[in-house]
Amino acid sequence: MTGGGRGIGAAISRKLAEDGYRILLTYSTSSKPAELLVDDIRNSGIDAVAVNCDVTDAREVALLATHPWVSEGIEVLVLNHGRYDRIDAKSLDYAHLRRTMSTNFEGSFLVWDSVKSSLNSEARICVIGSQLGTRGSPHGADYSASKAALALWARSLAQAVGADGKRVNIIAPGFVDTDILAGDTPEKRASRIEEVPLKRIGTPDDIAEAVSYLVSDEANYITGAVIHVNGGLYLP
Ligand code: NDP
């Protein structure tokens, strides 16, 4: 579970722990919330551990594979980490594009590549994309491109590993109440709510519920799907 210590990742970690999985979650800069979450999960009777891993650092990602829980086999892999810096597409520079791609897309590839030999035969993989990976954004060209690449990479993987018994799916959230929206003015927030047919901003739990379903046996004929969890905000 990458980026599992805060925001949407924390909700997914909690939900998968409720589902009975022991949780290895990674964090990059937010050690405190990650450690507190691990304590909470352990107090609920499920084992959990937080591992420091910046997905843009190939050496740190390679070390993940040496963790004993990884070596013992992975049932569910969730690639959730991501960054969104909201930059006008017209002023995006190459350094920033590289940073976003190396986090959102290449970082996901690196994690997969590092742990793929430890995936159980019927492992389930869930990738957190974005609605912007399909529709684009004038203030997120780098982000949208990284999420589009991520989704198509994951769909390709689904086609490649299906015969081995593994499933790969993508969740594309709409607006979700995390630090990503923390800079919104009250007016901006109100206009977002107005834009959503269900008339509310999504919660991290909305996304966690979808992950829980996709990795469950109930979803055992679903692979390569992009599931839009967005209150109807964007209907491709
Ligand atoms: P947050 O900004 O709250 O959390 C981002 C997460 O990504 C943190 O756990 C952070 O870890 C981790 N992360 C960022 N950079 C790195 C890195 N280099 N290496 C490892 N981990 C990293 O965002 P959300 O919880 O909202 O987003 C979670 C996912 O959902 C992201 O992929 C995002 O793109 C996607 N999403 C979110 C939407 C929203 O409206 N909130 C909408 C659509 C998609 P740390 O804090 O330890 O650095």
# chains A, B, ... in the order shown; residues from 1 in each chain; ligands from 1
>>> residues_near_ligand(ligand="ligand 1", cutoff="7 Å", atoms="only C-alpha atoms and all ligand atoms", output="ChimeraX atom specification")
/A:2-9,26-31,53-56,80-84,103-104,128-131,172-181
>>> select_by_dssp(residues="segment 43-98 of chain A", states="strand (DSSP E or B)", output="JSON, numbers by chain")
{"A": [48, 49, 50, 51, 52, 74, 75, 76, 77, 78, 79, 87]}
>>> write_last_selection(atoms="C-alpha atoms", output="PDB file, in the first residue's frame")
ATOM      1  CA  ALA A  48       0.574  -3.307  10.429  1.00  0.00           C
ATOM      2  CA  VAL A  49       3.891  -1.677   9.664  1.00  0.00           C
ATOM      3  CA  ALA A  50       4.963   1.628   8.103  1.00  0.00           C
ATOM      4  CA  VAL A  51       7.953   1.704   5.761  1.00  0.00           C
ATOM      5  CA  ASN A  52       9.679   4.853   4.564  1.00  0.00           C
ATOM      6  CA  ILE A  74       1.613 -10.122  -1.459  1.00  0.00           C
ATOM      7  CA  GLU A  75      -2.126 -10.724  -1.809  1.00  0.00           C
ATOM      8  CA  VAL A  76      -3.119  -7.126  -2.570  1.00  0.00           C
ATOM      9  CA  LEU A  77      -0.987  -4.278  -3.932  1.00  0.00           C
ATOM     10  CA  VAL A  78      -2.453  -0.766  -3.900  1.00  0.00           C
ATOM     11  CA  LEU A  79      -0.536   1.971  -5.722  1.00  0.00           C
ATOM     12  CA  ILE A  87       0.385  24.379 -12.540  1.00  0.00           C
TER      13      ILE A  87
END
>>> closest_residue(among="A:Ile41, A:Ala225, A:Ala190, A:Leu92", to="Tyr143 of chain A", atoms="only C-alpha atoms")
A:Leu92
>>> atom_distance(atom1="atom CA of Gly224 of chain A", atom2="atom CA of Tyr21 of chain A")
22.8 Å
>>> closest_residue(among="A:Val226, A:Asp19, A:Ala10, A:Asp217", to="Pro33 of chain A", atoms="only C-alpha atoms")
A:Ala10
>>> closest_residue(among="A:Arg22, A:Lys32, A:Arg59, A:Lys147", to="Gly45 of chain A", atoms="only C-alpha atoms")
A:Arg22
>>> select_by_dssp(residues="segment 6-232 of chain A", states="helix (DSSP H, G or I)", output="number ranges by chain")
A: 7-18, 31-43, 58-64, 68-71, 89-91, 94-118, 132-135, 141-164, 179-181, 186-195, 204-214, 217-219
>>> atom_distance(atom1="atom CA of His228 of chain A", atom2="atom CA of Leu119 of chain A")
25.7 Å
>>> closest_atom_pairs(of="segment 53-169 of chain A", to="segment 202-216 of chain A", cutoff="8 Å", atoms="only C-alpha atoms", output="tab-separated table")
residue	atom	partner	partner_atom	distance
A:Val76	CA	A:Val215	CA	6.9
A:Arg124	CA	A:Val215	CA	5.5
A:Ile125	CA	A:Val215	CA	7.2
A:Cys126	CA	A:Val211	CA	6.8
A:Asn169	CA	A:Leu214	CA	7.2
>>> write_last_selection(atoms="C-alpha atoms", output="short mmCIF file (atom, residue, chain, number, x, y, z; two decimals), in the first residue's frame")
data_model
loop_
_atom_site.label_atom_id
_atom_site.label_comp_id
_atom_site.auth_asym_id
_atom_site.auth_seq_id
_atom_site.Cartn_x
_atom_site.Cartn_y
_atom_site.Cartn_z
CA VAL A 76 -3.12 -7.13 -2.57
CA ARG A 124 -5.05 -8.25 -6.89
CA ILE A 125 -3.60 -4.89 -7.85
CA CYS A 126 -5.44 -1.61 -7.56
CA ASN A 169 -7.93 -2.40 -11.83
#
>>> closest_residue(among="A:Arg14, A:Asp142, A:Leu25, A:Ala58", to="Ile46 of chain A", atoms="only C-alpha atoms")
A:Arg14
>>> residues_around(residues="Ala145 of chain A", least_positions_apart="2", cutoff="10 Å", atoms="only C-alpha atoms", output="ChimeraX atom specification")
/A:97,100-101,104-105,132-137,140-143,147-151
>>> atom_distance(atom1="atom CA of Pro138 of chain A", atom2="atom CA of Lys90 of chain A")
8.1 Å
>>> residues_around(residues="Lys166 of chain A", least_positions_apart="3", cutoff="10 Å", atoms="only C-alpha atoms", output="CSV table (one decimal) with N, CA and C atoms, in the first residue's frame")
chain,number,residue,atom,x,y,z
A,75,GLU,N,-0.8,-10.4,-1.3
A,75,GLU,CA,-2.1,-10.7,-1.8
A,75,GLU,C,-2.7,-9.5,-2.6
A,76,VAL,N,-2.5,-8.3,-2.0
A,76,VAL,CA,-3.1,-7.1,-2.6
A,76,VAL,C,-2.1,-6.0,-2.6
A,119,LEU,N,4.4,-11.3,-5.7
A,119,LEU,CA,2.9,-11.3,-5.8
A,119,LEU,C,2.4,-12.7,-5.8
A,120,ASN,N,1.4,-13.0,-5.0
A,120,ASN,CA,0.8,-14.3,-5.0
A,120,ASN,C,0.2,-14.6,-6.3
A,121,SER,N,-0.1,-15.9,-6.6
A,121,SER,CA,-0.6,-16.2,-7.9
A,121,SER,C,-1.9,-15.6,-8.2
A,122,GLU,N,-2.8,-15.3,-7.2
A,122,GLU,CA,-4.0,-14.6,-7.5
A,122,GLU,C,-4.0,-13.2,-7.0
A,123,ALA,N,-2.9,-12.6,-7.0
A,123,ALA,CA,-2.8,-11.2,-6.4
A,123,ALA,C,-3.7,-10.3,-7.1
A,124,ARG,N,-4.2,-9.3,-6.3
A,124,ARG,CA,-5.0,-8.3,-6.9
A,124,ARG,C,-4.3,-6.9,-6.7
A,125,ILE,N,-4.3,-6.2,-7.8
A,125,ILE,CA,-3.6,-4.9,-7.8
A,125,ILE,C,-4.6,-3.8,-8.1
A,157,LEU,N,-1.0,-4.1,-18.1
A,157,LEU,CA,-0.6,-5.1,-17.1
A,157,LEU,C,-1.7,-6.1,-16.9
A,158,ALA,N,-3.0,-5.6,-16.8
A,158,ALA,CA,-4.1,-6.5,-16.6
A,158,ALA,C,-4.2,-7.5,-17.7
A,159,GLN,N,-4.0,-7.1,-19.0
A,159,GLN,CA,-4.0,-8.0,-20.1
A,159,GLN,C,-2.9,-9.0,-20.1
A,160,ALA,N,-1.7,-8.5,-19.5
A,160,ALA,CA,-0.5,-9.4,-19.5
A,160,ALA,C,-0.6,-10.4,-18.4
A,161,VAL,N,-1.2,-10.1,-17.3
A,161,VAL,CA,-1.1,-11.0,-16.1
A,161,VAL,C,-2.4,-11.8,-15.8
A,162,GLY,N,-3.4,-11.5,-16.6
A,162,GLY,CA,-4.7,-12.2,-16.4
A,162,GLY,C,-4.6,-13.7,-16.5
A,163,ALA,N,-3.8,-14.2,-17.4
A,163,ALA,CA,-3.7,-15.6,-17.6
A,163,ALA,C,-3.0,-16.3,-16.4
A,220,ASN,N,-14.3,-10.9,-8.9
A,220,ASN,CA,-13.3,-11.8,-9.5
A,220,ASN,C,-13.3,-11.9,-11.0
A,223,THR,N,-11.3,-7.1,-14.4
A,223,THR,CA,-9.9,-6.7,-14.5
A,223,THR,C,-9.7,-5.7,-15.7
>>> closest_residue(among="A:Val111, A:Ala219, A:Val168, A:Val229", to="Glu60 of chain A", atoms="only C-alpha atoms")
A:Val111
>>> residues_around(residues="Leu64 of chain A", least_positions_apart="2", cutoff="8 Å", atoms="only C-alpha atoms", output="list of chain:residue names")
A:Val51, A:Cys53, A:Glu60, A:Val61, A:Ala62, A:Thr66, A:His67, A:Val70, A:Ser114, A:Val115
>>> decode(residues="segment 192-229 of chain A", atoms="N, CA and C atoms", output="CSV table (one decimal), in the first residue's frame")
chain,number,residue,atom,x,y,z
A,192,ARG,N,-17.4,23.4,-6.4
A,192,ARG,CA,-17.1,22.0,-6.7
A,192,ARG,C,-18.4,21.2,-6.4
A,193,ILE,N,-19.0,21.5,-5.2
A,193,ILE,CA,-20.2,20.7,-4.8
A,193,ILE,C,-21.3,20.8,-5.8
A,194,GLU,N,-21.5,22.1,-6.3
A,194,GLU,CA,-22.5,22.3,-7.3
A,194,GLU,C,-22.3,21.5,-8.5
A,195,GLU,N,-21.0,21.3,-8.9
A,195,GLU,CA,-20.6,20.6,-10.1
A,195,GLU,C,-21.0,19.1,-10.1
A,196,VAL,N,-21.0,18.6,-8.8
A,196,VAL,CA,-21.2,17.1,-8.7
A,196,VAL,C,-22.6,16.8,-8.6
A,197,PRO,N,-23.1,15.9,-9.5
A,197,PRO,CA,-24.5,15.5,-9.5
A,197,PRO,C,-25.0,15.0,-8.1
A,198,LEU,N,-24.2,14.3,-7.3
A,198,LEU,CA,-24.6,13.9,-6.0
A,198,LEU,C,-24.5,14.9,-4.9
A,199,LYS,N,-24.0,16.1,-5.3
A,199,LYS,CA,-24.0,17.3,-4.5
A,199,LYS,C,-23.2,17.2,-3.2
A,200,ARG,N,-22.1,16.5,-3.3
A,200,ARG,CA,-21.1,16.5,-2.2
A,200,ARG,C,-19.7,16.2,-2.7
A,201,ILE,N,-18.7,16.6,-2.0
A,201,ILE,CA,-17.3,16.2,-2.2
A,201,ILE,C,-17.2,14.7,-1.8
A,202,GLY,N,-16.4,13.9,-2.5
A,202,GLY,CA,-16.2,12.6,-2.0
A,202,GLY,C,-15.4,12.5,-0.8
A,203,THR,N,-15.5,11.4,-0.1
A,203,THR,CA,-14.7,11.2,1.1
A,203,THR,C,-13.6,10.1,0.8
A,204,PRO,N,-12.5,10.1,1.5
A,204,PRO,CA,-11.5,9.0,1.3
A,204,PRO,C,-12.2,7.7,1.5
A,205,ASP,N,-13.2,7.6,2.4
A,205,ASP,CA,-13.9,6.3,2.6
A,205,ASP,C,-14.6,5.8,1.3
A,206,ASP,N,-15.1,6.8,0.5
A,206,ASP,CA,-15.8,6.4,-0.7
A,206,ASP,C,-14.8,5.7,-1.6
A,207,ILE,N,-13.6,6.1,-1.6
A,207,ILE,CA,-12.6,5.5,-2.5
A,207,ILE,C,-12.2,4.1,-1.9
A,208,ALA,N,-12.0,4.1,-0.6
A,208,ALA,CA,-11.6,2.9,0.1
A,208,ALA,C,-12.6,1.8,-0.1
A,209,GLU,N,-13.9,2.1,-0.1
A,209,GLU,CA,-14.9,1.1,-0.3
A,209,GLU,C,-14.8,0.5,-1.7
A,210,ALA,N,-14.5,1.3,-2.7
A,210,ALA,CA,-14.3,0.8,-4.0
A,210,ALA,C,-13.1,-0.1,-4.1
A,211,VAL,N,-12.0,0.3,-3.5
A,211,VAL,CA,-10.8,-0.6,-3.5
A,211,VAL,C,-11.2,-1.9,-2.9
A,212,SER,N,-11.8,-1.9,-1.7
A,212,SER,CA,-12.2,-3.1,-1.0
A,212,SER,C,-12.9,-4.0,-1.9
A,213,TYR,N,-13.9,-3.5,-2.6
A,213,TYR,CA,-14.7,-4.3,-3.5
A,213,TYR,C,-13.8,-4.9,-4.6
A,214,LEU,N,-13.0,-4.0,-5.3
A,214,LEU,CA,-12.3,-4.5,-6.4
A,214,LEU,C,-11.3,-5.6,-6.1
A,215,VAL,N,-10.7,-5.6,-4.9
A,215,VAL,CA,-9.8,-6.6,-4.5
A,215,VAL,C,-10.4,-7.8,-3.9
A,216,SER,N,-11.8,-7.8,-3.8
A,216,SER,CA,-12.5,-8.9,-3.1
A,216,SER,C,-12.8,-10.0,-4.2
A,217,ASP,N,-13.2,-11.1,-3.7
A,217,ASP,CA,-13.6,-12.2,-4.6
A,217,ASP,C,-14.9,-11.9,-5.3
A,218,GLU,N,-15.7,-11.0,-4.7
A,218,GLU,CA,-16.9,-10.6,-5.4
A,218,GLU,C,-16.6,-9.9,-6.8
A,219,ALA,N,-15.4,-9.4,-6.9
A,219,ALA,CA,-15.1,-8.7,-8.2
A,219,ALA,C,-14.2,-9.6,-9.0
A,220,ASN,N,-14.3,-10.9,-8.9
A,220,ASN,CA,-13.3,-11.8,-9.5
A,220,ASN,C,-13.3,-11.9,-11.0
A,221,TYR,N,-14.3,-11.2,-11.6
A,221,TYR,CA,-14.3,-11.2,-13.1
A,221,TYR,C,-14.1,-9.8,-13.6
A,222,ILE,N,-13.6,-9.0,-12.8
A,222,ILE,CA,-13.3,-7.6,-13.2
A,222,ILE,C,-11.8,-7.4,-13.2
A,223,THR,N,-11.3,-7.1,-14.4
A,223,THR,CA,-9.9,-6.7,-14.5
A,223,THR,C,-9.7,-5.7,-15.7
A,224,GLY,N,-8.7,-4.9,-15.6
A,224,GLY,CA,-8.5,-3.9,-16.6
A,224,GLY,C,-9.5,-2.8,-16.6
A,225,ALA,N,-10.3,-2.7,-15.6
A,225,ALA,CA,-11.4,-1.7,-15.6
A,225,ALA,C,-10.9,-0.4,-15.0
A,226,VAL,N,-11.5,0.7,-15.5
A,226,VAL,CA,-11.3,2.0,-14.8
A,226,VAL,C,-12.6,2.4,-14.2
A,227,ILE,N,-12.6,2.3,-12.9
A,227,ILE,CA,-13.9,2.6,-12.2
A,227,ILE,C,-13.9,4.1,-11.7
A,228,HIS,N,-14.8,4.8,-12.2
A,228,HIS,CA,-14.9,6.3,-11.8
A,228,HIS,C,-15.7,6.4,-10.6
A,229,VAL,N,-15.1,6.9,-9.5
A,229,VAL,CA,-15.8,7.1,-8.2
A,229,VAL,C,-15.8,8.6,-8.0
